[in-house]
Amino acid sequence: MSESDPRSFDSERSLFAFTTKRPVAVTMIVIATVVFGVVGLRRLPVNLLPDLSYPTVTVRTQYPGAGPEDVEERVSERIQEAVSVVPGVRRVVSISRPEVSDVVLDFEWGTSMVFAVSDVRERLDRVLLPREAEKPLVLRYDPSLDPVMTFGLAGEMPLIELRRIAEEEIERELSKLEGVAAVKVRGGAEEAIKIEVDEQALAVLGLDVARLTERLAAENVNSASGSVEQGRTEFLVRTLGEFRSLDEIADVILERRGDAPLRVRDVARVRRVQKDKDVISRVGGEPCVLIDVYKEAGANVVALAARVRDRVSGTAEQRAYVASLLPDGSPPPSKGPPPTDEKQARSAELRRMERHRAMLDFLSRQIAGSGASLTLLQDQSTFIESAITDVQDSAIQGGLLAIAVIFLFLRRLGPTLALAISIPISLIAAFAPMFLSGVTLNVMSLGGLALGVGMLVDNSIVVLEAITREREQGKGIRAAAIAGVSRVAGAVTSSTLTTVAVFFPIVFVEGVAGQLFRDQSLTVVYSLLMSLVVALLVIPMLLTRRDRDGWFQREPHAPTSRIGRGAQRLFLSAGGAVAAVVRVLGRLAGLLLWPVLTAFDRCWRMLDAAYPRLLGLALRLRTAVILLAVGLGALAAWAGSRLDTDMVPEVAQGEFTVKLFLPRDATVERTDAVASPVERAIAAMDEVADTFLAVGVDRDELNDASEGEHSAKILVRLKRSQDLAQAETAVRARIVALFGRLPELAEPPQFESPSVLSFSAPLAVEVVGEDLDALRDTSAAIARRLAELPGLRDVRSSQQRGNPEIVLRLDRESMSALGIDSGAVSRILETKVKGLVATRFAEQDRRVDMRVAMPREAIDRVEALLAVNVNPKGEPAIPLQSIGTVAVLEGPSEIRRIGNTRGAEISAGVRGLGVGSAQEMVALEAAAVPRPPGIEVRLGAQQQELAASMSSVTLALLLAVFLVYVVMASQFESLIQPFVILCTVPLAAIGVVFVLLATNTPVSVIVMLGCIVLAGIVVNNAIIMIDQINQLRAEGLRKREAILAGASSRLRPVFMTTLTTVLGLLPMTGWFTGIPILGSGAEGIELRAPLAVTVVAGLSTSTLLTLLVIPCVYSFTDRRA
């Protein structure tokens, strides 16, 4: 800052004078601000992470009976061509699997997904698809769409009954709760009505399956037929024709032969059956039904989970009440004196019985006693609560450490409490703007509060130091407060604005990183701005209230009314009592901590006396000092090039999913037989709390392209009373060894963390070309080489062996001569193989499929399929093999198109290795694999996403430094001195690089955010120092004397602000996890530690070097004597 003098602060002086003269008004403003902050806090939603909006859309189309090549040619390519021209699309990938087409569109970050989805639907309306294909579904992927809770319903009753209870009772009950978007039931057994056709009877009667299906659909109809008016009454006319029983279905008349009706029962048998299972689920080895609970957008996950648990098992009050019931189930006797008259007795008994019914209300909704039990299998709120609690503990511990530092320096409890009060006021006041700007309470926003805890007292420390120096010059407390705060107001405002300014470029950070850090940035900005207001307005008011007569003085203009005088006496008496307690506590703390305070004071006096001599020596050797700093910077730059890079650290949440895959031709029953023993073996491990198994996938589930009847998922939850990261590593290693003894598996197991914190696999290699065989061979060769690399895990290729296919090539000339068309042949085969859904049977509030099919034993081998009669109504019988050729082939598992070219993707995870190093290894290994002509190998989109994110974060860092320079140049009205202050930034980088190397921490986007934060706070010490030197120069001191005096006078506030920030962040580093005061819990520490470590290392190094290097650099830039 340029030359400053209290006389140049007339406007500030009047404002500061107001705060010292009107303490009640200032106190009321503070109270009002805190109240609004509390209101905002109570309304903030609680989630693990900020709302993430992924710019990805998936178009899913079902094409029953089609293989991957048919799906690609007749569905995927047409959709891909249509949607590729939607504005904002940067990448289109189609995945064609048996019966399913997925076209995945990646949009540019920042694209309005509402309009994007609308554009996609508009383009799909123009696509001409095969008649057999279903209407395309447009699906948005969002981590918040994962279930927040999963229950398992198990018992001794049949699975059909369990499924009915889940759908009709539990789903209906939970769907009513506030914040629940949907409840989805999976697994168990679903009921269907099978019309099992007698093929010989149909042939004898000259009927076919098409006629049977047509008649069933036509008879099962309810319709509205309009209305009829009679007089003044209007009657609605409805036709009720839907089936009400199986007998009605069997009695449907197909046609009449003379007077004799031909009914369904004459050619088919109608019965209830179980549908073929898509999903088999187990808990503790027993079959169960899974119930997933999904939250509404913006719902509070923690509160929602509590409501669901209360509805399932009752509130804590209800459970305690049930435990207190008498043996006969009657309510316990009421406590207190008995009623005095009959009316009171009746009223008391009525209230008692109403409470009794309310307390037992939840029991009427439970399924206990029906032979089934409901078990909570997965609950996102558990980790969220633990992670948020740990962040809160970090903030509280950091605040206590910061207050301890202040007390060590001041040695007086009163001023210490005056400064300490700025922390809760600033934090609570920040909740109101957080609510208004849509910030939620999550790990990132609370991490921002914890990050700012140590910095919130920095401004107050500088103000207190300035007021203390004015007092030492003999001024009264009020005059000293006004003069002191006026002297440093510009400097503290400038230092705060530089810190705030560095968060503005966060808006330029693209991708998930930008959305993650928005909440954290806004939280820090709000709390720091509040701390600036507290430092300039509240701290002077608190300090001026303290004089020899106590903390609160009687105002000269006393109230004239009796009520006013009474209120004033009450206020002053309360203030005096508080002041007396504070004085007693201060003296007691001084006595108890006297050895610590004495030792600290002695060390500080030695440092305070040695610093001017050390600085004088540095000024004499200023060239050597600067060259030494440059050398350290060069060494740090060289060491920094050896650091690994990463996107976002993987977070150990205490649970993960194991995915296993059998060959593609495996049925869901065979997969279950292999997976069930594996689940039991995992559940028996010491570190594991519980597991549950889900085999297969629902058809409407947005699943991985590799999943199907041949796949299974085992959710593993670890015991919380252990180091989750180490336990997860150990359990995963044992699972891999366990799977190594299973020859039935087609590939190694895959591990997935909960998707709320997971991104795409960090490593991917794309192999592109049109030849499917060459794609499969090349991708398999690359996958084998990558699987041998240390540090890589879960290596797999998208090109796997496909299902065996029976391919029928029809002879159109033969068919034409026989009067048969391909559509009729297709319908006959579909009826033979899987059956046709003719219509649906209404039963209560659900509809059951009515499937027309042949007996299952009719087609039990390929030879039986070849003998199928494709002319059931005529003579002679025409076997299928007479109108075409049949071949048994193995088709591809999927056909992937990346852009306009076929391709395959080899993905891999990283364990114990930086993503940057792993990328280099993968690129070298992939390049070494021989490639047939027409095959190209390249790195996948994940690496491009990482490069884009790191590039945008680097740009944000450069913009942050530029904004810091702009703020300082404006404040100092100088172009040179801001450059002097910016020298602190590379000084901070020295400590960051060496600490990252020492702790083996890769450079992730979280570390880069820490660097952005550093750019705003490391300059603060230099700003305060240069500002003081400028003021002394303006008072006439020579350069050397001004530098020595200015730097020495700011030594204490520099150390106080640095130590409060560093110690405030210490619990977030994870270095002292589990140690009281110094460390918090480990839940979510992976997201907090890199930023905290970066700021602690950079600020510590920068402060120590700033005290010597910045005065030397300043001496070169100031040419005046």
# chains A, B, ... in the order shown; residues from 1 in each chain; ligands from 1
>>> residues_around(residues="range 395-403 of chain A", least_positions_apart="2", cutoff="8 Å", atoms="only C-alpha atoms", output="ChimeraX atom specification")
/A:391-393,405-407,416,420,423,449-451,453-454,1059-1061,1063-1067,1077-1080
>>> write_last_selection(atoms="N, CA and C atoms", output="tab-separated table (two decimals), in the first residue's frame")
chain	number	residue	atom	x	y	z
A	391	VAL	N	-15.34	-33.59	9.48
A	391	VAL	CA	-14.98	-32.24	9.03
A	391	VAL	C	-15.32	-31.22	10.10
A	392	GLN	N	-16.48	-31.38	10.72
A	392	GLN	CA	-16.85	-30.47	11.81
A	392	GLN	C	-15.84	-30.55	12.95
A	393	ASP	N	-15.43	-31.77	13.28
A	393	ASP	CA	-14.42	-31.93	14.33
A	393	ASP	C	-13.11	-31.25	13.94
A	405	VAL	N	-2.97	-20.50	20.21
A	405	VAL	CA	-1.84	-19.70	19.72
A	405	VAL	C	-2.02	-18.25	20.12
A	406	ILE	N	-3.22	-17.74	19.97
A	406	ILE	CA	-3.48	-16.34	20.33
A	406	ILE	C	-3.22	-16.12	21.82
A	407	PHE	N	-3.67	-17.06	22.64
A	407	PHE	CA	-3.48	-16.91	24.08
A	407	PHE	C	-2.00	-16.94	24.45
A	416	THR	N	-7.99	-12.45	24.12
A	416	THR	CA	-8.05	-13.73	23.40
A	416	THR	C	-9.49	-14.09	23.06
A	420	ALA	N	-11.28	-14.64	19.59
A	420	ALA	CA	-11.87	-15.96	19.35
A	420	ALA	C	-13.33	-15.84	18.91
A	423	ILE	N	-14.41	-16.10	15.19
A	423	ILE	CA	-14.53	-17.38	14.47
A	423	ILE	C	-15.99	-17.82	14.39
A	449	LEU	N	-15.15	-24.31	5.28
A	449	LEU	CA	-15.23	-23.67	6.59
A	449	LEU	C	-14.03	-24.04	7.45
A	450	ALA	N	-13.67	-25.34	7.42
A	450	ALA	CA	-12.50	-25.76	8.20
A	450	ALA	C	-11.23	-25.11	7.68
A	451	LEU	N	-11.16	-24.94	6.34
A	451	LEU	CA	-10.01	-24.26	5.75
A	451	LEU	C	-9.91	-22.82	6.22
A	453	VAL	N	-11.10	-21.52	9.07
A	453	VAL	CA	-11.11	-21.31	10.51
A	453	VAL	C	-9.86	-20.58	10.97
A	454	GLY	N	-8.70	-21.07	10.55
A	454	GLY	CA	-7.46	-20.44	10.99
A	454	GLY	C	-7.25	-19.06	10.42
A	1059	LEU	N	0.60	-19.05	12.29
A	1059	LEU	CA	0.39	-20.19	13.17
A	1059	LEU	C	-1.10	-20.50	13.34
A	1060	THR	N	-1.93	-19.48	13.40
A	1060	THR	CA	-3.36	-19.75	13.52
A	1060	THR	C	-3.88	-20.47	12.28
A	1061	THR	N	-3.42	-20.07	11.09
A	1061	THR	CA	-3.86	-20.73	9.86
A	1061	THR	C	-3.31	-22.14	9.76
A	1063	LEU	N	-2.04	-24.18	12.20
A	1063	LEU	CA	-2.57	-25.07	13.22
A	1063	LEU	C	-4.07	-25.29	13.03
A	1064	GLY	N	-4.76	-24.30	12.48
A	1064	GLY	CA	-6.18	-24.49	12.19
A	1064	GLY	C	-6.42	-25.56	11.14
A	1065	LEU	N	-5.46	-25.73	10.23
A	1065	LEU	CA	-5.58	-26.74	9.17
A	1065	LEU	C	-4.96	-28.08	9.56
A	1066	LEU	N	-4.20	-28.10	10.63
A	1066	LEU	CA	-3.46	-29.31	10.98
A	1066	LEU	C	-4.38	-30.54	11.13
A	1067	PRO	N	-5.56	-30.43	11.78
A	1067	PRO	CA	-6.41	-31.63	11.88
A	1067	PRO	C	-6.88	-32.16	10.53
A	1077	ILE	N	-7.46	-33.42	19.68
A	1077	ILE	CA	-7.13	-32.04	19.35
A	1077	ILE	C	-6.38	-31.95	18.02
A	1078	LEU	N	-5.33	-32.76	17.84
A	1078	LEU	CA	-4.50	-32.62	16.64
A	1078	LEU	C	-5.08	-33.34	15.44
A	1079	GLY	N	-5.92	-34.32	15.62
A	1079	GLY	CA	-6.42	-35.09	14.48
A	1079	GLY	C	-7.88	-35.43	14.63
A	1080	SER	N	-8.56	-35.53	13.47
A	1080	SER	CA	-9.96	-35.91	13.46
A	1080	SER	C	-10.06	-37.32	12.93
>>> select_by_dssp(residues="range 917-1071 of chain A", states="helix (DSSP H, G or I)", output="ChimeraX atom specification")
/A:917-928,941-972,977-982,984-999,1005-1034,1039-1049,1051-1069
>>> residues_around(residues="Gln200 in chain A", least_positions_apart="2", cutoff="12 Å", atoms="only C-alpha atoms", output="PDB file with N, CA and C atoms, in the first residue's frame")
ATOM      1  N   VAL A 197     -49.660 -73.715 -25.045  1.00  0.00           N
ATOM      2  CA  VAL A 197     -50.385 -74.151 -26.231  1.00  0.00           C
ATOM      3  C   VAL A 197     -50.080 -75.610 -26.550  1.00  0.00           C
ATOM      4  N   ASP A 198     -51.149 -76.341 -26.929  1.00  0.00           N
ATOM      5  CA  ASP A 198     -51.010 -77.699 -27.451  1.00  0.00           C
ATOM      6  C   ASP A 198     -50.898 -77.587 -28.959  1.00  0.00           C
ATOM      7  N   LEU A 202     -53.880 -77.313 -31.984  1.00  0.00           N
ATOM      8  CA  LEU A 202     -53.997 -76.176 -32.893  1.00  0.00           C
ATOM      9  C   LEU A 202     -53.994 -76.635 -34.347  1.00  0.00           C
ATOM     10  N   ALA A 203     -53.070 -77.545 -34.676  1.00  0.00           N
ATOM     11  CA  ALA A 203     -52.961 -78.004 -36.062  1.00  0.00           C
ATOM     12  C   ALA A 203     -54.218 -78.749 -36.484  1.00  0.00           C
ATOM     13  N   VAL A 204     -54.784 -79.607 -35.608  1.00  0.00           N
ATOM     14  CA  VAL A 204     -55.991 -80.367 -35.940  1.00  0.00           C
ATOM     15  C   VAL A 204     -57.156 -79.434 -36.206  1.00  0.00           C
ATOM     16  N   LEU A 205     -57.246 -78.357 -35.378  1.00  0.00           N
ATOM     17  CA  LEU A 205     -58.367 -77.418 -35.522  1.00  0.00           C
ATOM     18  C   LEU A 205     -58.114 -76.342 -36.567  1.00  0.00           C
ATOM     19  N   GLY A 206     -56.913 -76.336 -37.137  1.00  0.00           N
ATOM     20  CA  GLY A 206     -56.608 -75.353 -38.170  1.00  0.00           C
ATOM     21  C   GLY A 206     -56.424 -73.948 -37.644  1.00  0.00           C
ATOM     22  N   LEU A 207     -55.948 -73.829 -36.417  1.00  0.00           N
ATOM     23  CA  LEU A 207     -55.710 -72.528 -35.813  1.00  0.00           C
ATOM     24  C   LEU A 207     -54.219 -72.284 -35.695  1.00  0.00           C
ATOM     25  N   ASP A 208     -53.855 -71.035 -35.424  1.00  0.00           N
ATOM     26  CA  ASP A 208     -52.446 -70.724 -35.176  1.00  0.00           C
ATOM     27  C   ASP A 208     -52.336 -69.832 -33.950  1.00  0.00           C
ATOM     28  N   VAL A 209     -51.100 -69.630 -33.530  1.00  0.00           N
ATOM     29  CA  VAL A 209     -50.840 -68.848 -32.324  1.00  0.00           C
ATOM     30  C   VAL A 209     -51.275 -67.398 -32.513  1.00  0.00           C
ATOM     31  N   ASP A 266     -59.576 -75.500 -25.088  1.00  0.00           N
ATOM     32  CA  ASP A 266     -59.519 -76.631 -26.015  1.00  0.00           C
ATOM     33  C   ASP A 266     -58.146 -76.792 -26.654  1.00  0.00           C
ATOM     34  N   VAL A 267     -57.362 -75.709 -26.670  1.00  0.00           N
ATOM     35  CA  VAL A 267     -56.055 -75.777 -27.360  1.00  0.00           C
ATOM     36  C   VAL A 267     -54.900 -75.393 -26.450  1.00  0.00           C
ATOM     37  N   ALA A 268     -55.190 -75.002 -25.199  1.00  0.00           N
ATOM     38  CA  ALA A 268     -54.103 -74.544 -24.323  1.00  0.00           C
ATOM     39  C   ALA A 268     -54.491 -74.745 -22.871  1.00  0.00           C
ATOM     40  N   MET A 854     -45.146 -72.318 -26.045  1.00  0.00           N
ATOM     41  CA  MET A 854     -45.141 -73.769 -26.136  1.00  0.00           C
ATOM     42  C   MET A 854     -44.574 -74.354 -24.839  1.00  0.00           C
ATOM     43  N   ALA A 858     -40.611 -78.613 -25.370  1.00  0.00           N
ATOM     44  CA  ALA A 858     -40.788 -78.754 -26.810  1.00  0.00           C
ATOM     45  C   ALA A 858     -39.519 -78.374 -27.567  1.00  0.00           C
ATOM     46  N   ASN A 869     -42.417 -76.981 -37.144  1.00  0.00           N
ATOM     47  CA  ASN A 869     -43.319 -76.857 -38.298  1.00  0.00           C
ATOM     48  C   ASN A 869     -43.669 -75.390 -38.493  1.00  0.00           C
ATOM     49  N   PRO A 872     -48.215 -74.405 -39.517  1.00  0.00           N
ATOM     50  CA  PRO A 872     -49.085 -75.125 -38.580  1.00  0.00           C
ATOM     51  C   PRO A 872     -50.529 -75.251 -39.053  1.00  0.00           C
ATOM     52  N   LYS A 873     -51.027 -74.384 -39.947  1.00  0.00           N
ATOM     53  CA  LYS A 873     -52.430 -74.412 -40.360  1.00  0.00           C
ATOM     54  C   LYS A 873     -52.654 -75.247 -41.620  1.00  0.00           C
ATOM     55  N   ALA A 877     -46.887 -80.674 -43.224  1.00  0.00           N
ATOM     56  CA  ALA A 877     -46.025 -79.945 -42.297  1.00  0.00           C
ATOM     57  C   ALA A 877     -44.711 -79.598 -42.990  1.00  0.00           C
TER      58      ALA A 877
END
>>> residues_around(residues="Leu290 in chain A", least_positions_apart="2", cutoff="8 Å", atoms="only C-alpha atoms", output="list in words")
Thr150, Phe151, Gly152, Leu153, Val185, Arg186, Gly187, Gly188, Ser281, Cys288 and Asp292 of chain A
>>> write_last_selection(atoms="N, CA and C atoms", output="PDB file, in the first residue's frame")
ATOM      1  N   THR A 150     -30.658 -49.350   0.666  1.00  0.00           N
ATOM      2  CA  THR A 150     -31.100 -50.628   0.106  1.00  0.00           C
ATOM      3  C   THR A 150     -31.455 -51.566   1.256  1.00  0.00           C
ATOM      4  N   PHE A 151     -32.646 -52.147   1.177  1.00  0.00           N
ATOM      5  CA  PHE A 151     -33.106 -53.108   2.167  1.00  0.00           C
ATOM      6  C   PHE A 151     -33.189 -54.495   1.538  1.00  0.00           C
ATOM      7  N   GLY A 152     -33.043 -55.521   2.364  1.00  0.00           N
ATOM      8  CA  GLY A 152     -33.244 -56.890   1.924  1.00  0.00           C
ATOM      9  C   GLY A 152     -34.384 -57.516   2.697  1.00  0.00           C
ATOM     10  N   LEU A 153     -35.369 -58.052   1.960  1.00  0.00           N
ATOM     11  CA  LEU A 153     -36.536 -58.691   2.575  1.00  0.00           C
ATOM     12  C   LEU A 153     -36.387 -60.195   2.403  1.00  0.00           C
ATOM     13  N   VAL A 185     -38.204 -52.255  -6.492  1.00  0.00           N
ATOM     14  CA  VAL A 185     -38.090 -53.619  -5.978  1.00  0.00           C
ATOM     15  C   VAL A 185     -37.368 -54.471  -7.014  1.00  0.00           C
ATOM     16  N   ARG A 186     -36.369 -55.235  -6.549  1.00  0.00           N
ATOM     17  CA  ARG A 186     -35.607 -56.115  -7.440  1.00  0.00           C
ATOM     18  C   ARG A 186     -35.524 -57.506  -6.829  1.00  0.00           C
ATOM     19  N   GLY A 187     -35.336 -58.486  -7.691  1.00  0.00           N
ATOM     20  CA  GLY A 187     -35.117 -59.840  -7.225  1.00  0.00           C
ATOM     21  C   GLY A 187     -36.403 -60.521  -6.801  1.00  0.00           C
ATOM     22  N   GLY A 188     -36.240 -61.651  -6.111  1.00  0.00           N
ATOM     23  CA  GLY A 188     -37.399 -62.438  -5.748  1.00  0.00           C
ATOM     24  C   GLY A 188     -37.955 -63.162  -6.957  1.00  0.00           C
ATOM     25  N   SER A 281     -31.174 -62.477  -5.740  1.00  0.00           N
ATOM     26  CA  SER A 281     -30.493 -61.733  -4.678  1.00  0.00           C
ATOM     27  C   SER A 281     -30.482 -62.561  -3.403  1.00  0.00           C
ATOM     28  N   CYS A 288     -33.561 -63.396  -1.156  1.00  0.00           N
ATOM     29  CA  CYS A 288     -34.254 -62.219  -0.625  1.00  0.00           C
ATOM     30  C   CYS A 288     -34.747 -61.361  -1.784  1.00  0.00           C
ATOM     31  N   ASP A 292     -34.774 -50.767  -3.158  1.00  0.00           N
ATOM     32  CA  ASP A 292     -33.926 -49.578  -3.281  1.00  0.00           C
ATOM     33  C   ASP A 292     -34.763 -48.329  -3.071  1.00  0.00           C
TER      34      ASP A 292
END
>>> closest_residue(among="A:Leu627, A:Val1096, A:Ala689, A:Ala694", to="Gln722 in chain A", atoms="only C-alpha atoms")
A:Ala689
>>> residues_around(residues="Pro1090 in chain A", least_positions_apart="4", cutoff="12 Å", atoms="only C-alpha atoms", output="PyMOL selection string")
chain A and resi 447+451+646-650+992+995-996+999-1011+1065-1066+1068-1071+1084-1086+1094-1097
>>> select_by_dssp(residues="range 600-727 of chain A", states="strand (DSSP E or B)", output="PyMOL selection string")
chain A and resi 645+655-661+688-695+711-718
>>> closest_residue(among="A:Ile976, A:Leu543, A:Leu1051, A:Leu997", to="Gln1028 in chain A", atoms="only C-alpha atoms")
A:Leu1051
>>> closest_atom_pairs(of="range 820-897 of chain A", to="range 54-72 of chain A", cutoff="8 Å", atoms="only C-alpha atoms", output="JSON lines")
{"residue": "A:Gly891", "atom": "CA", "partner": "A:Pro68", "partner_atom": "CA", "distance": 7.5}
{"residue": "A:Pro892", "atom": "CA", "partner": "A:Pro68", "partner_atom": "CA", "distance": 6.8}
{"residue": "A:Ser893", "atom": "CA", "partner": "A:Pro68", "partner_atom": "CA", "distance": 7.3}
{"residue": "A:Glu894", "atom": "CA", "partner": "A:Pro68", "partner_atom": "CA", "distance": 5.8}
{"residue": "A:Ile895", "atom": "CA", "partner": "A:Pro68", "partner_atom": "CA", "distance": 6.2}
>>> write_last_selection(atoms="C-alpha atoms", output="mmCIF file, in the first residue's frame")
data_model
loop_
_atom_site.group_PDB
_atom_site.id
_atom_site.type_symbol
_atom_site.label_atom_id
_atom_site.label_comp_id
_atom_site.auth_asym_id
_atom_site.auth_seq_id
_atom_site.Cartn_x
_atom_site.Cartn_y
_atom_site.Cartn_z
ATOM 1 C CA GLY A 891 -21.171 -63.703 -32.072
ATOM 2 C CA PRO A 892 -19.386 -60.750 -30.479
ATOM 3 C CA SER A 893 -20.313 -59.808 -26.919
ATOM 4 C CA GLU A 894 -20.816 -56.256 -28.074
ATOM 5 C CA ILE A 895 -19.979 -53.956 -30.952
#
>>> residues_around(residues="Leu532 in chain A", least_positions_apart="3", cutoff="8 Å", atoms="only C-alpha atoms", output="PDB file with C-alpha atoms, in the first residue's frame")
ATOM      1  CA  ASN A 459      -7.605  -9.743  10.291  1.00  0.00           C
ATOM      2  CA  SER A 460      -8.606  -9.467  13.920  1.00  0.00           C
ATOM      3  CA  VAL A 492      -6.326  -5.959   6.005  1.00  0.00           C
ATOM      4  CA  THR A 493      -8.926  -5.153   3.342  1.00  0.00           C
ATOM      5  CA  THR A 496      -8.678 -10.216   2.430  1.00  0.00           C
ATOM      6  CA  LEU A 528     -13.582 -14.405   5.011  1.00  0.00           C
ATOM      7  CA  LEU A 529     -15.735 -11.429   4.066  1.00  0.00           C
ATOM      8  CA  ALA A 535     -12.322  -7.381  12.490  1.00  0.00           C
ATOM      9  CA  LEU A 536     -13.010  -3.789  11.430  1.00  0.00           C
TER      10      LEU A 536
END
